[in-house]
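The structure appears below as structure tokens.
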Amino acid sequence: MTGLRHQTQIALGFVPLLDASPLIVAQAKGFALKEGLDLRLLREMSWAALRDRISIGHIDAAHMPAPLPIATTLGLGSLPVELETPIGLATGGNAITVSEELWRHMRDAGAPEVAGDPIACGQALKRVLEACQKQPARPLVFGVVHPFSSHNYELRHWLSAGSIEPDRDVQITILPPPFMVDALEAGRIDGYCVGEPWNSLARKHGSGRIVTTKNRLWPGIIEKVLAMRSGAVDADVTRRLITAITRAAEWCDDVNHREELADLLSQQDYMALPPPCLMPGLTGELMLGDAPPSLEPDFLRFGGSATVPLPSQALWLYAQMLRWQQTSFSPQDAERAAAVYRPNLWCEATGLALPQPFSITTFDDVHFDPGQIQTWLAQYAACVE
Amino acid sequence: MAEDALRILVIDDNRIRASVIEQGLLEAGYSHVTVITDIEALMRCVVEIDPDMIFIDLGNPNRDSLEAAFAVSKAARRPIAMFVDRSDAAAMSAAIDAGVSAYIVDGLRKERVKPILDLAIARFNAFFRLQRELEETRSALAERKIIEKAKGILMQSKGISEQEAYDLLRKQAMRQNRKLAEIAEGLVLAAGLLE
């Protein structure tokens with residue numbers, strides 16, 4: 001094949017999670033090759049390792065939680081490295097799980113049998129905490145995967161909507177996703193917010209119950225992105241990479257490919273788990289609370305709007321960093337945060353016009369206007385005692 | 001502060017590699033070295049030891065937890081991941097190649113960090129070499145074992161001597177241009193199926 005002579009090698013880092021699918025499929029199903037790209041995938045077990053490798057130029061691009069390239073660019077939690085996001089990899093995919101014991105208390109406190117409703121479940125948890133205060137035990141501990149992850153912000157948003165102050169009433173700890181189920185079983189944590197399959201696995205082991213999902217908390221909000229060091233990959237290669245990943249993402253969304261995708265992801269190099277464990281996350285057929293499996297529409301999406309790196313979504317994530325006091329507001333930082341998500345190459349590669357800024361309304365019926373971050377923050381500041 | 005007073009923490013769930021690094025640091029005169037292999041005890045140790053430098057294997061899944069703990073730590077001395085602008089790019093690249101990542105407490109001078117980092121890199125590389133050699137030895141042993149087994153099968157089924165069995169295997173290997181161990185493995189497998 002003459003095309004092979006012009007293959008450009010691209011090294012991509014990923015953490016083995018369902019939302020790395022578009023990258024894995026771009027390589028495995030030949031979408032990258034069609035664009036003249038020879039993708040080399042490198043598996044890492046921490047986001048810190050991907051950040052180190054990308055900073056030093058060992059890899060060209062990496063799978064990352066959507067807030068992380070913004071935090072890294074702003075120098076929050078690490079030394080600043082300017083990153084940019086040319087494409088999104090997924091929306092949704094996360095859920096909040098609590099231990100069997102906590103779930104029993106929540107049920108007694110009025111949580112619906114068929115969980116899922118974030119407000120009702122949050123209120124039930126609040127009543128459990130109030131009862132606990134009369135007979136103090138250790139505070140409840142919740143696990144999330146990274147301080148700069150949607151999981152952290154979703155969990156905090158959910159807790160606070162139930163009038164639970166995340167930094168006062170509970171403890172939040174950082175744990176790698178594959179360790180969550182074990183920690184729950186050992187009683188080291190009482191719940192967590194993590195991507196699939198780690199919620200369904202806890203349910204399957206009889207150690208936890210899913211109380212709500214990201215698609216209900218934050219519908220349509222970006223979950224994972226591709227990150228590159230600013231200016232490190234040339235525009236033409238980036239465009240080809242975007243084309244390969246958007247096609248792979250569409251392939252992943254096709255219901256006819258779910259089983260093949262589960263088989264592919266189950267391999268030792270990727271998730272190293274049997275395909276049936278991966279299916280609930282891919283199909284969105286989750287067991288919420290005490291209920292049998294039922295379909296959560298748009299639980300995890302790879303293609304279409306999930307691929308657009310919109311500056312308005314970057315500002316949404318920057319607003320979360322402000323809300324949870326990981327940084328303080330400055331107009332310059334807001335501008336830099338928005339500029340990390342760069343839709344121009346996405347538009348060129350897909351031939352589509354830039355979509356309108358995404359209108360964000362969360363489960364608590366609060367609307368977010370990216371031009372009015374302070375107004376959005378003020379609504380929550382008023383709720384704090 | 002004398003060189004040997006620097007407090008160095010090595011975190012690695014691979015005990016052998018951890019002690020290879022510890023040994024190297026001790027030999028170089030750094031006497032305040034602590035090794036943690038049990039991740040559960042990690043956070044408590046970080047507070048108690050208050051290290052100046054931390055080495056952790058790059059692929060350790062607990063690195064995000066570790067960094068988050070630094071970030072919320074009340075201590076004034078917060079370790080920061082080493083990056084290109086902290087040290088020279090070549091050293092960091094070598095560290096990543098070797099599979100080690102380093103955190104240093106802010107303010108520690110570059111010239112003090114460099115020899116320790118170089119030492120850790122060298123030790124990580126030495127460990128990989130050792131590991132590779134060990135694997136090679138292991139597979140050499142396994143090969144010898146399978147050839148012995150194949151010879152035994154031939155001797156029994158054909159009623160020939162050990163030397164004749166060996167010659168037969170070698171002739172087959174040369175004819176097929178394959179390794180002796182591969183031919184032996186095929187024979188043992190086939191014999192297993194016929195049992």
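Naming scheme: A, B, ... for chains in displayed order of the structure tokens; residues 1 onward per chain; ligands 1 onward as shown.
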
Counting only C-alpha atoms, which residues of chain B come no farther than 9 Å from chain A, as a list in words?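 Going by the stated atoms only, the list reads Leu58, Gly59, Asn60, Pro61, Asn62, Arg63, Asp64, Ser65, Leu66, Glu67, Ala68, Ala69, Phe70, Ala71, Ile80, Ala81, Met82, Phe83, Val84, Asp85, Ala89, Met92, Ser93, Ile96, Asp97 and Ser101 of chain B.
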
Skipping near chain neighbours, those fewer than 3 positions away, what residues fall within 10 Å of range 26-36 of chain B using only C-alpha atoms, listed as a PyMOL selection string? chain B and resi 2-15+18-19+21-23+39-42+45-46+49+51+53-56+115-116+119

Go ahead and write the selection's residues with N, CA and C atoms as a compact mmCIF listing (two decimals), in the first residue's frame.
# COMPACT_ATOMS: atom_id res chain seq x y z
N ALA B 2 23.32 19.49 55.60
CA ALA B 2 24.25 18.60 54.90
C ALA B 2 23.49 17.71 53.94
N GLU B 3 24.20 17.21 52.94
CA GLU B 3 23.55 16.35 51.94
C GLU B 3 22.83 15.18 52.59
N ASP B 4 23.51 14.57 53.58
CA ASP B 4 22.93 13.36 54.15
C ASP B 4 21.70 13.65 55.00
N ALA B 5 21.45 14.94 55.27
CA ALA B 5 20.28 15.27 56.08
C ALA B 5 19.01 15.37 55.24
N LEU B 6 19.16 15.36 53.91
CA LEU B 6 17.98 15.42 53.04
C LEU B 6 17.09 14.21 53.30
N ARG B 7 15.81 14.47 53.52
CA ARG B 7 14.90 13.35 53.76
C ARG B 7 14.29 12.90 52.43
N ILE B 8 14.52 11.66 52.11
CA ILE B 8 14.06 11.13 50.82
C ILE B 8 13.08 9.98 51.06
N LEU B 9 11.97 10.05 50.36
CA LEU B 9 10.94 9.02 50.49
C LEU B 9 10.82 8.27 49.17
N VAL B 10 10.85 6.96 49.24
CA VAL B 10 10.71 6.13 48.03
C VAL B 10 9.41 5.35 48.16
N ILE B 11 8.51 5.54 47.19
CA ILE B 11 7.23 4.84 47.22
C ILE B 11 7.18 3.88 46.05
N ASP B 12 7.04 2.62 46.33
CA ASP B 12 7.02 1.65 45.24
C ASP B 12 6.39 0.36 45.76
N ASP B 13 5.37 -0.14 45.05
CA ASP B 13 4.80 -1.39 45.56
C ASP B 13 5.62 -2.60 45.13
N ASN B 14 6.65 -2.35 44.34
CA ASN B 14 7.60 -3.41 44.02
C ASN B 14 8.74 -3.35 45.04
N ARG B 15 8.71 -4.28 46.00
CA ARG B 15 9.65 -4.25 47.11
C ARG B 15 11.11 -4.33 46.66
N ALA B 18 12.21 -1.08 45.14
CA ALA B 18 12.32 -0.07 46.20
C ALA B 18 13.64 -0.24 46.95
N SER B 19 14.01 -1.49 47.23
CA SER B 19 15.24 -1.66 48.02
C SER B 19 16.48 -1.43 47.17
N ILE B 21 16.72 0.94 44.99
CA ILE B 21 16.89 2.40 45.01
C ILE B 21 17.39 2.86 46.38
N GLU B 22 16.80 2.30 47.41
CA GLU B 22 17.19 2.66 48.79
C GLU B 22 18.69 2.41 49.00
N GLN B 23 19.12 1.23 48.56
CA GLN B 23 20.51 0.84 48.71
C GLN B 23 21.43 1.86 48.03
N ILE B 39 0.69 1.14 50.23
CA ILE B 39 0.07 2.40 49.85
C ILE B 39 -0.90 2.91 50.92
N GLU B 40 -1.51 1.98 51.64
CA GLU B 40 -2.48 2.37 52.67
C GLU B 40 -1.85 3.32 53.70
N ALA B 41 -0.57 3.06 53.98
CA ALA B 41 0.11 3.83 55.02
C ALA B 41 0.69 5.13 54.48
N LEU B 42 0.52 5.32 53.19
CA LEU B 42 1.22 6.39 52.49
C LEU B 42 1.02 7.78 53.08
N CYS B 45 2.53 8.53 56.45
CA CYS B 45 4.00 8.60 56.37
C CYS B 45 4.47 9.91 55.77
N VAL B 46 3.77 10.39 54.75
CA VAL B 46 4.19 11.63 54.10
C VAL B 46 4.19 12.76 55.11
N ILE B 49 7.08 11.97 57.91
CA ILE B 49 8.47 12.06 57.45
C ILE B 49 8.81 13.46 56.95
N PRO B 51 9.12 14.74 53.84
CA PRO B 51 10.30 14.54 52.97
C PRO B 51 10.64 15.77 52.12
N MET B 53 12.34 15.15 49.17
CA MET B 53 12.16 14.58 47.82
C MET B 53 11.38 13.29 47.93
N ILE B 54 10.55 13.05 46.92
CA ILE B 54 9.79 11.80 46.88
C ILE B 54 10.01 11.16 45.51
N PHE B 55 10.30 9.88 45.51
CA PHE B 55 10.35 9.14 44.25
C PHE B 55 9.21 8.13 44.24
N ILE B 56 8.51 8.08 43.13
CA ILE B 56 7.42 7.09 43.01
C ILE B 56 7.47 6.55 41.59
N PRO B 115 21.89 15.31 41.35
CA PRO B 115 22.59 14.03 41.56
C PRO B 115 21.67 12.94 42.12
N ILE B 116 20.71 13.33 42.95
CA ILE B 116 19.80 12.33 43.54
C ILE B 116 18.89 11.77 42.45
N LEU B 119 20.76 9.49 40.27
CA LEU B 119 20.99 8.22 40.96
C LEU B 119 19.73 7.34 40.90

Check the DSSP output for the backbone and give back, as number ranges by chain, the residues of range 7-187 of chain B in alpha helix (DSSP H). B: 15-27, 42-49, 63-72, 89-98, 110-158, 162-176, 180-187

Could you give me the residues within range 130-297 of chain A that DSSP places in strand (DSSP E or B), as number ranges by chain? A: 140-144, 170-174, 191-195, 208-213, 222-229, 285-286, 288, 294-295

Contacts of Ile221 in chain A at 9 Å (only C-alpha atoms; same-chain gap of 3+ positions) as a compact mmCIF listing (two decimals) with C-alpha atoms, in the first residue's frame:
# COMPACT_ATOMS: atom_id res chain seq x y z
CA ALA A 90 -17.54 11.63 25.65
CA THR A 91 -20.47 13.07 27.59
CA GLY A 92 -22.08 11.28 30.55
CA LYS A 214 -24.37 12.07 35.29
CA ASN A 215 -26.90 12.33 32.46
CA TRP A 218 -25.42 17.38 34.20
CA ALA A 306 -19.99 15.03 22.53
CA GLN A 313 -18.23 24.16 28.36
CA TRP A 316 -18.67 25.81 32.94
CA PHE A 358 -24.30 24.99 24.85
CA ILE A 360 -26.52 24.44 30.49

For range 124-136 of chain B, list every protein, DNA or RNA residue within 10 Å, evaluated using only C-alpha atoms, and leave out those in the same chain fewer than 6 positions away; present the list as a PDB file with C-alpha atoms, in the first residue's frame.
ATOM      1  CA  ILE B  16      12.739  -5.378  45.236  1.00  0.00           C
ATOM      2  CA  ARG B  17      12.935  -2.249  43.137  1.00  0.00           C
ATOM      3  CA  ALA B  18      12.321  -0.074  46.196  1.00  0.00           C
ATOM      4  CA  VAL B  20      17.509  -1.354  44.964  1.00  0.00           C
ATOM      5  CA  ILE B  21      16.892   2.398  45.011  1.00  0.00           C
ATOM      6  CA  ASP B  57       7.210   4.744  40.055  1.00  0.00           C
ATOM      7  CA  ALA B  94      15.485  10.094  31.225  1.00  0.00           C
ATOM      8  CA  ALA B  95      13.385   9.807  34.378  1.00  0.00           C
ATOM      9  CA  ASP B  97      12.036   6.609  30.238  1.00  0.00           C
ATOM     10  CA  ALA B  98      13.227   4.842  33.354  1.00  0.00           C
ATOM     11  CA  GLY B  99       9.702   4.907  34.786  1.00  0.00           C
ATOM     12  CA  VAL B 100      10.325   7.097  37.818  1.00  0.00           C
ATOM     13  CA  ASP B 118      20.333  10.871  38.357  1.00  0.00           C
ATOM     14  CA  ALA B 142      11.943 -23.397  30.897  1.00  0.00           C
TER      15      ALA B 142
END

For CA of Asp236 in chain A and CA of Pro16 in chain A, determine how far apart the two atoms are, in Å to one decimal place.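 Straight-line distance from CA of Asp236 in chain A to CA of Pro16 in chain A works out to 27.7 Å.
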
Can you tell me which residues surround Leu159 in chain A at a distance of at most 9 Å, considering only C-alpha atoms, apart from same-chain residues fewer than 5 positions away, and format the answer as a PyMOL selection string? chain A and resi 122-123+125-126+154+164-166

If we count only C-alpha atoms, what is near range 146-161 of chain B at a cut-off of 8 Å, once residues fewer than 4 positions away on the same chain are taken out, given as a PyMOL selection string? chain B and resi 142+165-166+169+180-181+184-185+187-188+191

Keeping only N, CA, C and O atoms, write the selected residues to a file as a PDB file, in the first residue's frame.
ATOM      1  N   ALA B 142      13.172 -22.771  31.371  1.00  0.00           N
ATOM      2  CA  ALA B 142      11.943 -23.397  30.897  1.00  0.00           C
ATOM      3  C   ALA B 142      12.201 -24.158  29.606  1.00  0.00           C
ATOM      4  O   ALA B 142      11.692 -25.258  29.400  1.00  0.00           O
ATOM      5  N   ALA B 165      17.752 -39.297  20.781  1.00  0.00           N
ATOM      6  CA  ALA B 165      16.544 -38.458  20.879  1.00  0.00           C
ATOM      7  C   ALA B 165      16.908 -36.991  20.641  1.00  0.00           C
ATOM      8  O   ALA B 165      16.224 -36.269  19.919  1.00  0.00           O
ATOM      9  N   TYR B 166      18.020 -36.578  21.248  1.00  0.00           N
ATOM     10  CA  TYR B 166      18.469 -35.194  21.104  1.00  0.00           C
ATOM     11  C   TYR B 166      18.813 -34.899  19.643  1.00  0.00           C
ATOM     12  O   TYR B 166      18.413 -33.869  19.085  1.00  0.00           O
ATOM     13  N   LEU B 169      15.690 -34.426  17.506  1.00  0.00           N
ATOM     14  CA  LEU B 169      15.072 -33.107  17.731  1.00  0.00           C
ATOM     15  C   LEU B 169      15.850 -32.023  16.990  1.00  0.00           C
ATOM     16  O   LEU B 169      15.280 -31.151  16.342  1.00  0.00           O
ATOM     17  N   LEU B 180      15.168 -25.240  18.737  1.00  0.00           N
ATOM     18  CA  LEU B 180      15.056 -26.571  19.319  1.00  0.00           C
ATOM     19  C   LEU B 180      13.893 -26.641  20.324  1.00  0.00           C
ATOM     20  O   LEU B 180      13.101 -27.589  20.331  1.00  0.00           O
ATOM     21  N   ALA B 181      13.782 -25.581  21.139  1.00  0.00           N
ATOM     22  CA  ALA B 181      12.736 -25.562  22.175  1.00  0.00           C
ATOM     23  C   ALA B 181      11.336 -25.557  21.558  1.00  0.00           C
ATOM     24  O   ALA B 181      10.410 -26.148  22.100  1.00  0.00           O
ATOM     25  N   ALA B 184      10.568 -29.037  20.486  1.00  0.00           N
ATOM     26  CA  ALA B 184      10.304 -29.827  21.685  1.00  0.00           C
ATOM     27  C   ALA B 184       8.910 -29.525  22.229  1.00  0.00           C
ATOM     28  O   ALA B 184       8.163 -30.424  22.598  1.00  0.00           O
ATOM     29  N   GLU B 185       8.556 -28.240  22.223  1.00  0.00           N
ATOM     30  CA  GLU B 185       7.252 -27.843  22.746  1.00  0.00           C
ATOM     31  C   GLU B 185       6.130 -28.473  21.918  1.00  0.00           C
ATOM     32  O   GLU B 185       5.159 -29.006  22.463  1.00  0.00           O
ATOM     33  N   LEU B 187       6.246 -31.159  20.181  1.00  0.00           N
ATOM     34  CA  LEU B 187       6.211 -32.603  20.433  1.00  0.00           C
ATOM     35  C   LEU B 187       5.498 -32.925  21.751  1.00  0.00           C
ATOM     36  O   LEU B 187       4.652 -33.814  21.818  1.00  0.00           O
ATOM     37  N   VAL B 188       5.849 -32.142  22.783  1.00  0.00           N
ATOM     38  CA  VAL B 188       5.233 -32.369  24.100  1.00  0.00           C
ATOM     39  C   VAL B 188       3.725 -32.126  24.028  1.00  0.00           C
ATOM     40  O   VAL B 188       2.924 -32.892  24.573  1.00  0.00           O
ATOM     41  N   ALA B 191       2.108 -34.989  22.141  1.00  0.00           N
ATOM     42  CA  ALA B 191       2.068 -36.187  22.980  1.00  0.00           C
ATOM     43  C   ALA B 191       0.952 -36.071  24.013  1.00  0.00           C
ATOM     44  O   ALA B 191       0.250 -37.036  24.307  1.00  0.00           O
TER      45      ALA B 191
END

Range 28-33 of chain A: which residues within 8 Å, counting only C-alpha atoms, same-chain residues fewer than 5 positions away excluded, as a VMD selection string? chain A and resid 7 38 to 39 240 to 241 244 to 245 247 to 248

Go ahead and save the residues from that selection, with all heavy atoms, as a PDB file, in the first residue's frame.
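Result file follows (out05.pdb):
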ATOM      1  N   GLN A   7       2.457   7.532   6.539  1.00  0.00           N
ATOM      2  CA  GLN A   7       1.876   7.436   7.878  1.00  0.00           C
ATOM      3  C   GLN A   7       2.598   8.360   8.853  1.00  0.00           C
ATOM      4  O   GLN A   7       3.818   8.360   8.915  1.00  0.00           O
ATOM      5  CB  GLN A   7       2.014   6.004   8.403  1.00  0.00           C
ATOM      6  CG  GLN A   7       1.234   4.995   7.603  1.00  0.00           C
ATOM      7  CD  GLN A   7      -0.243   5.074   7.883  1.00  0.00           C
ATOM      8  OE1 GLN A   7      -0.627   5.278   9.006  1.00  0.00           O
ATOM      9  NE2 GLN A   7      -1.048   4.924   6.866  1.00  0.00           N
ATOM     10  N   ASP A  38      -0.636   6.679  12.194  1.00  0.00           N
ATOM     11  CA  ASP A  38      -0.271   5.430  12.854  1.00  0.00           C
ATOM     12  C   ASP A  38      -0.343   5.699  14.358  1.00  0.00           C
ATOM     13  O   ASP A  38       0.571   6.253  14.941  1.00  0.00           O
ATOM     14  CB  ASP A  38       1.149   5.048  12.405  1.00  0.00           C
ATOM     15  CG  ASP A  38       1.674   3.826  13.129  1.00  0.00           C
ATOM     16  OD1 ASP A  38       0.863   3.119  13.758  1.00  0.00           O
ATOM     17  OD2 ASP A  38       2.892   3.595  13.069  1.00  0.00           O
ATOM     18  N   LEU A  39      -1.482   5.338  14.964  1.00  0.00           N
ATOM     19  CA  LEU A  39      -1.682   5.628  16.392  1.00  0.00           C
ATOM     20  C   LEU A  39      -0.961   4.619  17.253  1.00  0.00           C
ATOM     21  O   LEU A  39      -1.111   3.421  17.082  1.00  0.00           O
ATOM     22  CB  LEU A  39      -3.168   5.570  16.762  1.00  0.00           C
ATOM     23  CG  LEU A  39      -4.105   6.669  16.312  1.00  0.00           C
ATOM     24  CD1 LEU A  39      -5.417   6.576  17.088  1.00  0.00           C
ATOM     25  CD2 LEU A  39      -3.486   8.031  16.533  1.00  0.00           C
ATOM     26  N   ARG A 240      -6.607  15.647  10.934  1.00  0.00           N
ATOM     27  CA  ARG A 240      -6.779  14.228  10.572  1.00  0.00           C
ATOM     28  C   ARG A 240      -7.135  13.394  11.803  1.00  0.00           C
ATOM     29  O   ARG A 240      -7.954  12.482  11.734  1.00  0.00           O
ATOM     30  CB  ARG A 240      -5.510  13.710   9.901  1.00  0.00           C
ATOM     31  CG  ARG A 240      -5.373  14.229   8.459  1.00  0.00           C
ATOM     32  CD  ARG A 240      -4.270  13.519   7.737  1.00  0.00           C
ATOM     33  NE  ARG A 240      -2.973  14.132   7.993  1.00  0.00           N
ATOM     34  CZ  ARG A 240      -1.805  13.479   7.959  1.00  0.00           C
ATOM     35  NH1 ARG A 240      -1.784  12.179   7.720  1.00  0.00           N
ATOM     36  NH2 ARG A 240      -0.681  14.105   8.183  1.00  0.00           N
ATOM     37  N   LEU A 241      -6.523  13.763  12.917  1.00  0.00           N
ATOM     38  CA  LEU A 241      -6.822  13.049  14.164  1.00  0.00           C
ATOM     39  C   LEU A 241      -8.284  13.281  14.557  1.00  0.00           C
ATOM     40  O   LEU A 241      -8.992  12.354  14.982  1.00  0.00           O
ATOM     41  CB  LEU A 241      -5.872  13.545  15.260  1.00  0.00           C
ATOM     42  CG  LEU A 241      -5.850  12.769  16.572  1.00  0.00           C
ATOM     43  CD1 LEU A 241      -5.476  11.312  16.346  1.00  0.00           C
ATOM     44  CD2 LEU A 241      -4.849  13.397  17.546  1.00  0.00           C
ATOM     45  N   ALA A 244     -10.475  11.133  12.354  1.00  0.00           N
ATOM     46  CA  ALA A 244     -10.412   9.720  12.756  1.00  0.00           C
ATOM     47  C   ALA A 244     -11.216   9.483  14.028  1.00  0.00           C
ATOM     48  O   ALA A 244     -11.978   8.507  14.128  1.00  0.00           O
ATOM     49  CB  ALA A 244      -8.951   9.309  12.962  1.00  0.00           C
ATOM     50  N   ILE A 245     -11.084  10.382  15.000  1.00  0.00           N
ATOM     51  CA  ILE A 245     -11.764  10.176  16.289  1.00  0.00           C
ATOM     52  C   ILE A 245     -13.272  10.387  16.164  1.00  0.00           C
ATOM     53  O   ILE A 245     -14.054   9.632  16.744  1.00  0.00           O
ATOM     54  CB  ILE A 245     -11.156  11.076  17.393  1.00  0.00           C
ATOM     55  CG1 ILE A 245      -9.704  10.654  17.663  1.00  0.00           C
ATOM     56  CG2 ILE A 245     -11.958  10.980  18.689  1.00  0.00           C
ATOM     57  CD1 ILE A 245      -8.939  11.568  18.598  1.00  0.00           C
ATOM     58  N   ARG A 247     -15.097   9.783  13.540  1.00  0.00           N
ATOM     59  CA  ARG A 247     -15.653   8.593  12.883  1.00  0.00           C
ATOM     60  C   ARG A 247     -15.685   7.419  13.849  1.00  0.00           C
ATOM     61  O   ARG A 247     -16.656   6.653  13.897  1.00  0.00           O
ATOM     62  CB  ARG A 247     -14.835   8.236  11.648  1.00  0.00           C
ATOM     63  CG  ARG A 247     -14.866   9.388  10.646  1.00  0.00           C
ATOM     64  CD  ARG A 247     -14.880   8.935   9.205  1.00  0.00           C
ATOM     65  NE  ARG A 247     -15.226  10.089   8.377  1.00  0.00           N
ATOM     66  CZ  ARG A 247     -14.439  10.612   7.447  1.00  0.00           C
ATOM     67  NH1 ARG A 247     -13.270  10.039   7.176  1.00  0.00           N
ATOM     68  NH2 ARG A 247     -14.827  11.647   6.752  1.00  0.00           N
ATOM     69  N   ALA A 248     -14.619   7.278  14.635  1.00  0.00           N
ATOM     70  CA  ALA A 248     -14.570   6.192  15.622  1.00  0.00           C
ATOM     71  C   ALA A 248     -15.685   6.380  16.653  1.00  0.00           C
ATOM     72  O   ALA A 248     -16.332   5.414  17.070  1.00  0.00           O
ATOM     73  CB  ALA A 248     -13.207   6.164  16.309  1.00  0.00           C
TER      74      ALA A 248
END

Pairwise distance for CA of Val194 in chain A and CA of Pro297 in chain A, rounded to one decimal in Å: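 These two atoms are separated by 18.2 Å.
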
Of the candidates A:His151, A:Arg40, A:His63, A:Arg336, which shows the shortest atom-to-atom distance to Glu196 in chain A, using only C-alpha atoms? A:His151

Enter the distance from CA of Tyr153 in chain A to CA of Asp254 in chain A, in Å, rounded to one decimal.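 These two atoms are separated by 29.4 Å.
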